[in-house]
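Reproduced below: upload25.tsv, with TSV, C-alpha atoms.
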```
chain	number	residue	atom	x	y	z
A	1	MET	CA	163.44	191.81	134.53
A	2	PRO	CA	162.56	194.95	132.58
A	3	ALA	CA	165.23	197.49	131.70
A	4	THR	CA	163.38	200.17	133.68
A	5	VAL	CA	161.41	199.88	136.88
A	6	PRO	CA	157.66	199.70	136.16
A	7	SER	CA	155.35	202.36	137.52
A	8	SER	CA	152.96	199.93	139.18
A	9	THR	CA	152.71	196.35	140.44
A	10	THR	CA	149.29	195.98	138.79
A	11	ASN	CA	149.32	192.61	136.98
A	12	TRP	CA	152.97	192.23	137.94
A	13	TRP	CA	152.69	189.03	139.99
A	14	CYS	CA	151.22	185.75	138.84
A	15	ASN	CA	147.88	184.99	140.46
A	16	ALA	CA	148.63	183.08	143.65
A	17	ASN	CA	145.98	180.55	142.61
A	18	THR	CA	148.32	179.42	139.83
A	19	GLU	CA	151.20	178.71	142.22
A	20	TYR	CA	151.73	175.15	143.40
A	21	ALA	CA	154.47	172.49	143.68
A	22	PHE	CA	158.11	173.61	144.00
A	23	MET	CA	158.52	177.34	144.63
A	24	GLY	CA	162.19	177.68	145.52
A	25	PHE	CA	164.41	177.53	148.59
A	26	SER	CA	164.67	178.74	152.12
A	27	TYR	CA	167.89	180.72	152.21
A	28	GLU	CA	169.80	181.70	155.34
A	29	VAL	CA	171.29	185.20	155.19
A	30	THR	CA	173.65	185.68	158.13
A	31	ASN	CA	176.58	185.55	155.68
A	32	CYS	CA	175.58	189.09	154.51
A	33	ASN	CA	177.44	188.63	151.21
A	34	LEU	CA	176.07	190.41	148.12
A	35	THR	CA	178.29	188.48	145.70
A	36	LYS	CA	177.02	185.22	147.12
A	37	LEU	CA	173.41	186.41	147.01
A	38	ARG	CA	173.72	187.31	143.34
A	39	LYS	CA	175.35	184.01	142.41
A	40	GLU	CA	173.05	181.76	144.40
A	41	PHE	CA	169.76	183.53	143.65
A	42	LEU	CA	170.66	183.13	139.97
A	43	ASP	CA	171.42	179.44	140.57
A	44	ILE	CA	168.03	178.96	142.24
A	45	LYS	CA	166.33	180.57	139.26
A	46	GLN	CA	168.29	178.97	136.44
A	47	ARG	CA	169.28	175.53	137.70
A	48	PHE	CA	166.20	174.70	139.74
A	49	LYS	CA	163.56	176.91	138.09
A	50	GLY	CA	162.78	178.47	141.46
A	51	ARG	CA	160.30	181.32	141.53
A	52	TYR	CA	161.01	182.57	145.06
A	53	VAL	CA	163.58	182.67	147.81
A	54	ARG	CA	162.22	182.46	151.33
A	55	LEU	CA	164.64	184.27	153.66
A	56	TYR	CA	165.75	182.66	156.91
A	57	GLY	CA	167.83	184.15	159.70
A	58	ALA	CA	168.99	187.76	159.72
A	59	CYS	CA	171.76	190.05	158.55
A	60	ASP	CA	171.83	193.27	160.56
A	61	ARG	CA	174.23	195.17	158.30
A	62	SER	CA	172.80	198.52	157.26
A	63	GLY	CA	171.31	198.35	153.77
A	64	PHE	CA	171.32	194.57	153.59
A	65	TYR	CA	167.79	194.27	152.21
A	66	ASP	CA	168.84	196.58	149.38
A	67	ASP	CA	171.36	193.85	148.53
A	68	VAL	CA	168.60	191.25	148.59
A	69	VAL	CA	166.55	193.40	146.23
A	70	ASP	CA	169.58	193.85	143.96
A	71	ALA	CA	170.23	190.10	143.81
A	72	ALA	CA	166.56	189.19	143.35
A	73	TRP	CA	166.04	191.77	140.61
A	74	GLY	CA	169.15	190.54	138.80
A	75	ALA	CA	168.04	186.92	139.02
A	76	GLY	CA	164.40	187.61	138.20
A	77	ILE	CA	163.20	185.95	141.36
A	78	GLY	CA	160.72	186.89	144.11
A	79	VAL	CA	161.37	187.04	147.84
A	80	HIS	CA	159.44	185.94	150.90
A	81	ALA	CA	161.07	188.47	153.24
A	82	LEU	CA	161.43	187.75	156.95
A	83	ILE	CA	161.42	189.74	160.18
A	84	TRP	CA	163.62	187.48	162.29
A	85	PHE	CA	162.98	187.39	166.03
A	86	GLY	CA	165.95	185.26	167.02
A	87	TRP	CA	166.61	184.23	170.60
A	88	ASP	CA	169.18	186.62	172.07
A	89	ASP	CA	167.70	190.12	172.10
A	90	PRO	CA	163.93	190.26	172.70
A	91	ASN	CA	163.63	193.64	170.97
A	92	ILE	CA	165.96	193.37	167.96
A	93	TRP	CA	163.08	192.24	165.76
A	94	LYS	CA	161.74	195.79	165.96
A	95	THR	CA	164.99	197.18	164.53
A	96	ARG	CA	164.89	194.54	161.79
A	97	ARG	CA	161.27	195.35	161.01
A	98	ASP	CA	161.96	199.06	160.76
A	99	ALA	CA	165.03	198.52	158.55
A	100	LEU	CA	163.10	196.22	156.22
A	101	PHE	CA	160.12	198.55	155.95
A	102	SER	CA	162.42	201.50	155.29
A	103	THR	CA	163.97	199.69	152.32
A	104	LEU	CA	160.59	198.50	151.05
A	105	HIS	CA	159.43	202.12	150.92
A	106	SER	CA	162.66	203.70	149.67
A	107	ASN	CA	164.02	201.22	147.12
A	108	PRO	CA	161.95	201.52	143.92
A	109	LYS	CA	162.61	197.88	142.96
A	110	ALA	CA	161.70	196.42	146.36
A	111	LYS	CA	157.97	196.00	145.86
A	112	PHE	CA	158.60	194.27	142.54
A	113	VAL	CA	160.60	191.46	144.15
A	114	THR	CA	159.00	191.23	147.61
A	115	ARG	CA	156.06	188.84	147.38
A	116	VAL	CA	155.28	188.79	151.11
A	117	VAL	CA	156.70	189.81	154.49
A	118	GLN	CA	156.80	187.14	157.19
A	119	PHE	CA	157.18	187.45	160.93
A	120	GLY	CA	159.22	184.49	162.09
A	121	SER	CA	160.50	182.02	162.39
A	122	GLU	CA	157.91	180.17	164.54
A	123	PRO	CA	156.98	183.19	166.66
A	124	LEU	CA	154.02	181.42	168.27
A	125	PHE	CA	155.89	178.21	169.06
A	126	ASP	CA	158.85	180.17	170.46
A	127	TRP	CA	156.47	182.55	172.24
A	128	ALA	CA	158.33	185.52	170.76
A	129	LEU	CA	155.08	187.43	171.29
A	130	ASP	CA	151.72	186.55	172.75
A	131	ALA	CA	149.22	185.77	170.00
A	132	PRO	CA	147.15	188.98	170.46
A	133	ASP	CA	150.31	191.11	170.35
A	134	LEU	CA	151.52	189.29	167.25
A	135	ALA	CA	148.15	189.83	165.57
A	136	THR	CA	148.45	193.54	166.36
A	137	GLN	CA	151.91	193.66	164.79
A	138	ILE	CA	150.63	191.91	161.65
A	139	LYS	CA	147.82	194.42	161.30
A	140	SER	CA	150.22	197.31	161.80
A	141	ALA	CA	152.58	195.88	159.18
A	142	LYS	CA	149.71	195.43	156.73
A	143	SER	CA	148.79	199.07	157.20
A	144	SER	CA	152.38	200.18	156.68
A	145	LEU	CA	152.80	198.12	153.51
A	146	ALA	CA	149.33	198.59	152.03
A	147	SER	CA	150.46	201.28	149.60
A	148	LEU	CA	153.09	198.86	148.27
A	149	GLY	CA	150.67	195.96	147.87
A	150	ILE	CA	152.83	193.61	149.93
A	151	PRO	CA	150.94	191.04	152.03
A	152	VAL	CA	151.96	189.99	155.53
A	153	THR	CA	152.03	186.62	157.30
A	154	ILE	CA	153.96	184.60	159.85
A	155	SER	CA	156.11	181.55	159.23
A	156	GLU	CA	154.86	178.92	161.65
A	157	MET	CA	153.98	175.25	162.08
A	158	ALA	CA	150.50	174.02	162.90
A	159	TYR	CA	151.58	173.12	166.42
A	160	GLY	CA	152.66	176.72	167.04
A	161	TYR	CA	149.13	177.89	166.36
A	162	GLN	CA	147.72	175.07	168.47
A	163	LYS	CA	150.08	175.82	171.35
A	164	GLN	CA	148.96	179.41	172.01
A	165	ASP	CA	145.47	180.36	173.06
A	166	GLY	CA	144.26	183.28	171.02
A	167	SER	CA	146.07	182.24	167.86
A	168	LYS	CA	142.85	182.57	165.86
A	169	ALA	CA	143.49	186.32	165.95
A	170	VAL	CA	146.73	185.65	164.08
A	171	LEU	CA	144.98	183.42	161.53
A	172	ASP	CA	142.42	186.18	161.07
A	173	ALA	CA	145.13	188.80	160.52
A	174	ILE	CA	147.52	187.07	158.11
A	175	ASP	CA	147.06	187.40	154.36
A	176	LEU	CA	148.33	183.92	153.50
A	177	ILE	CA	149.68	180.82	155.24
A	178	ASP	CA	153.42	180.10	155.33
A	179	ALA	CA	153.37	176.71	157.03
A	180	HIS	CA	156.32	174.83	158.44
A	181	MET	CA	156.43	171.17	157.51
A	182	LEU	CA	159.11	169.17	159.31
A	183	PRO	CA	157.69	165.64	159.72
A	184	PHE	CA	161.02	164.25	160.95
A	185	PHE	CA	160.15	165.71	164.35
A	186	SER	CA	156.77	164.00	164.63
A	187	THR	CA	156.37	161.40	167.35
A	188	GLN	CA	155.06	159.17	164.56
A	189	ALA	CA	158.05	159.66	162.22
A	190	SER	CA	159.95	156.77	160.71
A	191	THR	CA	161.28	157.15	157.18
A	192	ALA	CA	160.60	160.06	154.88
A	193	SER	CA	158.85	157.92	152.29
A	194	GLN	CA	156.25	157.01	154.93
A	195	SER	CA	155.65	160.56	156.14
A	196	TRP	CA	152.75	161.63	153.91
A	197	PRO	CA	150.09	161.01	156.61
A	198	ILE	CA	152.06	163.31	158.94
A	199	VAL	CA	152.24	165.97	156.23
A	200	MET	CA	148.53	165.68	155.54
A	201	THR	CA	147.60	165.96	159.22
A	202	ASP	CA	149.13	169.44	159.39
A	203	ILE	CA	147.93	170.49	155.94
A	204	ASN	CA	144.39	169.47	156.87
A	205	TRP	CA	144.61	171.49	160.07
A	206	PHE	CA	145.52	174.58	158.06
A	207	ILE	CA	142.77	173.87	155.54
A	208	GLU	CA	140.21	173.51	158.32
A	209	ASN	CA	141.35	176.59	160.21
A	210	GLY	CA	142.96	178.78	157.57
A	211	GLN	CA	139.87	180.52	156.20
A	212	ASN	CA	140.59	179.46	152.63
A	213	LYS	CA	143.85	181.42	152.52
A	214	LYS	CA	146.61	180.55	150.10
A	215	MET	CA	149.14	178.12	151.56
A	216	TYR	CA	152.85	177.60	151.06
A	217	LEU	CA	155.09	175.13	152.89
A	218	SER	CA	157.80	177.63	153.73
A	219	GLN	CA	160.17	175.81	156.11
A	220	ASN	CA	159.90	172.34	154.73
A	221	GLY	CA	162.38	169.49	154.68
A	222	TRP	CA	164.01	166.46	156.27
A	223	PRO	CA	167.49	166.54	157.81
A	224	SER	CA	170.31	164.30	156.66
A	225	VAL	CA	172.06	164.39	160.06
A	226	THR	CA	171.10	164.85	163.70
A	227	TYR	CA	172.83	167.09	166.23
A	228	ASP	CA	171.95	169.20	169.24
A	229	GLY	CA	168.64	170.89	168.44
A	230	VAL	CA	167.90	168.53	165.57
A	231	GLN	CA	166.91	165.33	167.33
A	232	PRO	CA	163.92	163.12	166.53
A	233	ASN	CA	160.95	162.65	168.82
A	234	SER	CA	160.43	159.14	167.51
A	235	PRO	CA	162.95	156.30	167.95
A	236	SER	CA	162.10	155.19	164.41
A	237	ALA	CA	162.91	158.47	162.66
A	238	VAL	CA	165.86	158.18	160.30
A	239	ALA	CA	168.10	161.10	159.32
A	240	ASN	CA	170.38	160.53	156.35
A	241	VAL	CA	170.86	161.79	152.82
A	242	GLN	CA	168.63	159.10	151.33
A	243	ASN	CA	165.74	160.14	153.56
A	244	GLU	CA	166.27	163.81	152.78
A	245	ARG	CA	166.06	162.91	149.09
A	246	ASP	CA	163.07	160.63	149.65
A	247	TYR	CA	161.14	163.41	151.36
A	248	PHE	CA	161.35	165.69	148.34
A	249	THR	CA	160.58	162.75	146.06
A	250	LEU	CA	157.46	162.19	148.17
A	251	LEU	CA	156.36	165.78	147.61
A	252	ASP	CA	157.01	165.48	143.89
A	253	ASP	CA	154.97	162.28	143.78
A	254	HIS	CA	152.02	164.23	145.22
A	255	CYS	CA	152.23	167.10	142.74
A	256	SER	CA	148.66	166.50	141.60
A	257	TYR	CA	147.45	166.94	145.18
A	258	PHE	CA	149.34	170.22	145.57
A	259	LYS	CA	147.87	171.41	142.28
A	260	THR	CA	144.26	170.73	143.29
A	261	ALA	CA	144.41	171.55	147.02
A	262	PRO	CA	142.01	174.25	148.29
A	263	ALA	CA	142.65	177.97	147.81
A	264	GLY	CA	144.46	177.58	144.53
A	265	GLY	CA	146.85	174.78	145.41
A	266	ILE	CA	149.87	174.56	147.71
A	267	GLY	CA	153.40	175.64	146.88
A	268	TRP	CA	156.43	174.28	148.70
A	269	PHE	CA	159.96	175.46	149.42
A	270	ALA	CA	162.97	173.24	150.07
A	271	HIS	CA	164.59	173.99	153.40
A	272	ILE	CA	167.42	174.82	152.87
A	273	TYR	CA	169.71	175.81	149.99
A	274	SER	CA	173.02	174.64	151.46
A	275	ASP	CA	174.44	172.79	154.45
A	276	GLU	CA	176.55	175.91	154.95
A	277	GLN	CA	173.33	177.63	156.00
A	278	GLU	CA	171.88	174.93	158.25
A	279	PRO	CA	173.73	171.62	158.71
A	280	GLY	CA	172.02	168.58	157.25
A	281	TYR	CA	169.12	170.34	155.55
A	282	GLY	CA	170.93	171.64	152.48
A	283	ILE	CA	170.44	170.47	148.92
A	284	TYR	CA	174.10	171.38	148.47
A	285	ASN	CA	176.75	170.12	150.90
A	286	THR	CA	179.33	172.41	152.49
A	287	ASN	CA	181.60	171.98	149.44
A	288	GLY	CA	178.92	173.28	147.10
A	289	VAL	CA	178.16	169.86	145.63
A	290	LEU	CA	174.61	168.56	145.25
A	291	LYS	CA	173.96	165.85	147.83
A	292	PHE	CA	171.56	164.13	145.43
A	293	PRO	CA	169.93	164.90	142.08
A	294	PHE	CA	167.31	167.58	142.64
A	295	ALA	CA	164.95	168.67	139.87
A	296	PRO	CA	161.54	169.05	141.51
A	297	LYS	CA	158.36	169.58	139.52
A	298	THR	CA	157.14	173.14	139.16
A	299	THR	CA	154.05	172.04	137.21
A	300	CYS	CA	152.10	168.85	136.63
```
Can you present the structure in this file as C-alpha cells?
Amino acid sequence: MPATVPSSTTNWWCNANTEYAFMGFSYEVTNCNLTKLRKEFLDIKQRFKGRYVRLYGACDRSGFYDDVVDAAWGAGIGVHALIWFGWDDPNIWKTRRDALFSTLHSNPKAKFVTRVVQFGSEPLFDWALDAPDLATQIKSAKSSLASLGIPVTISEMAYGYQKQDGSKAVLDAIDLIDAHMLPFFSTQASTASQSWPIVMTDINWFIENGQNKKMYLSQNGWPSVTYDGVQPNSPSAVANVQNERDYFTLLDDHCSYFKTAPAGGIGWFAHIYSDEQEPGYGIYNTNGVLKFPFAPKTTC
C-alpha cells in the first residue's frame, strides 16, 4: 500500500471484469483480535495470493472495523464487509450497520480497502427482512455510501431469492451478486467431485436473473465433518477432508469457465479460513495446520 493515503479511489480498484477464479477467504470475526487479523490477512495475501477477505459473523466491540481496515491496509488486501443480522436480536443489525458506516466515513483508509458492503448472511433465506424492506435498506445504504464509491449487495444463495416473493426488488437494487454455493446441502449431492451440475444450476439461475451483474461465490465450500446444523439433505452426500479438498479442486479445474462466464467472469472465495472459525469448513484445522495442500488458481 502507498506510504500516504491517496486523495481519491479513481482507478484505485482493478476493473471487476478482470476478477475471476480464487479471490480469497471467508473470514469469521467474532474473535475480535487485531493481532490475529493482521497476521492472518497477511497470510491470505502472501501464502495464498488472496485479493480479498469476505467477512463473516460479527464483532460488536467499538471501533472493530477500524481494526479490519488497519489489518487490510497493512496486508494490501480488500474487504467484502458484512452487516451481520444474526439470530438473537432482531434489531442489532441496525447498530452494526451504523457502526460500519460511521467507520467507512470517518477512517480515511476505509474506502481504499472496502470493495463492497454486504447485508447477510442469507437474509432472504432466514427471512431477516421481507424482500421489499431489504431492497429499501440496500437503496438507503447505496445512498449513504455513494460519496465513497462503495457498492452494496447481499450475501445469499439462489434458493433464498427463490424462497421469497418480491425478491426481484432485491436483485434490482444490488450492485453485484455475492452468491452462496454450498452443494453439499443439495438433495442431489453425493461426492464433491460430482457436484459441478449442482454448482451450475445455481450459477445459471443467477445468470438468468441477475441482470448481467458481476458475480462472486462468497460463501462457498464443502464441509469435512457433519454436526448439528451441518447435515446433508441427501443420503449420498459425503463430508470428509478429501471431499472438501476435491470441491476446491473441482473449482480449479473449471477456471476457464470462471474466466469466460458472463459479466466479466466469476470470482470465488473459500469458506472458510480456519476450522476455528466454523468447524469442518476451514482450510486450516484448529491447530493452524493446513488440512490439505491449497494453492488455487488466481488466473488461467
Item to check | Close residues, range 270-282 of chain A itself excluded, 6 Å, only C-alpha atoms, min 6 positions apart in chain, as a list in words | outcome: Phe25, Ser26, Tyr27, Glu28, Gln219, Asn220, Gly221, Pro223, Ser224 and Val225 of chain A
Next on the checklist: Which residues are close to range 288-294 of chain A, i.e. within 8 Å by all atoms listed in the file, leaving aside same-chain residues fewer than 4 positions away? Reply as an NGL selection string.
Outcome noted: :A and (48 or 241 or 245 or 274 or 283-284)
File of the preceding selection, C-alpha atoms, as a tab-separated table (two decimals), in the coordinates of the input:
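Saved file out07.tsv follows:
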```
chain	number	residue	atom	x	y	z
A	48	PHE	CA	166.20	174.70	139.74
A	241	VAL	CA	170.86	161.79	152.82
A	245	ARG	CA	166.06	162.91	149.09
A	274	SER	CA	173.02	174.64	151.46
A	283	ILE	CA	170.44	170.47	148.92
A	284	TYR	CA	174.10	171.38	148.47
```
Next on the checklist: Applying 9 Å and all atoms listed in the file, which residues near range 168-174 of chain A remain after dropping the ones on its own chain fewer than 2 positions away? List them as JSON, numbers by chain.
Outcome noted: {"A": [131, 132, 134, 135, 136, 138, 139, 142, 151, 152, 153, 154, 161, 165, 166, 176, 177, 209, 210, 211, 213]}
Shell of 9 Å around Ser155 in chain A, only C-alpha atoms, local chain residues under 4 positions omitted, as a compact mmCIF listing (two decimals) with C-alpha atoms, keeping the file's coordinate frame:
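Saved to part24.txt:
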```txt
# COMPACT_ATOMS: atom_id res chain seq x y z
CA LEU A 82 161.43 187.75 156.95
CA GLN A 118 156.80 187.14 157.19
CA PHE A 119 157.18 187.45 160.93
CA GLY A 120 159.22 184.49 162.09
CA SER A 121 160.50 182.02 162.39
CA GLU A 122 157.91 180.17 164.54
CA PRO A 123 156.98 183.19 166.66
CA ILE A 177 149.68 180.82 155.24
CA ASP A 178 153.42 180.10 155.33
CA ALA A 179 153.37 176.71 157.03
CA HIS A 180 156.32 174.83 158.44
CA SER A 218 157.80 177.63 153.73
CA GLN A 219 160.17 175.81 156.11
```
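Atom pair CA of Phe85 in chain A / CA of Ala72 in chain A has a distance of 23.0 Å (rounded to one decimal).
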Checklist entry - Suppose you want the space between CA of Val116 in chain A and CA of Val79 in chain A; what is it in Å? => result 7.1 Å
Item to check | Protein/DNA/RNA residues near (161.7, 186.6, 163.9), cut 12 Å, only C-alpha atoms, as number ranges by chain | outcome: A: 55-59, 81-97, 117-129, 134, 153-156
Next on the checklist: Considering all atoms listed in the file, can you say which of A:Val113, A:Ala158, A:Trp268, A:Gly229 comes closest to Asn204 in chain A?
Outcome noted: A:Ala158
Next on the checklist: When you count only C-alpha atoms, which of these residues is closest to Glu40 in chain A: A:Ile77, A:Gln231, A:Ser144, A:Met23?
Outcome noted: A:Ile77
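Here the question is which of A:Gly149, A:Thr187, A:Lys36, A:Tyr216 gets nearest to Asn11 in chain A using all atoms listed in the file, and that residue is A:Gly149.
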Contacts between range 246-264 of chain A and range 116-204 of chain A, please, where a residue of range 116-204 of chain A counts if it comes within 8 Å (with all atoms listed in the file); show its shortest atom pair and distance in Å to one decimal, rows by chain and ascending number, as a Markdown table.
```
| residue | atom | partner | partner_atom | distance |
| --- | --- | --- | --- | --- |
| A:Ala192 | CA | A:Tyr247 | CA | 4.9 |
| A:Ser193 | CA | A:Asp246 | CA | 5.7 |
| A:Ser195 | CA | A:Tyr247 | CA | 7.8 |
| A:Trp196 | CA | A:Leu250 | CA | 7.4 |
```
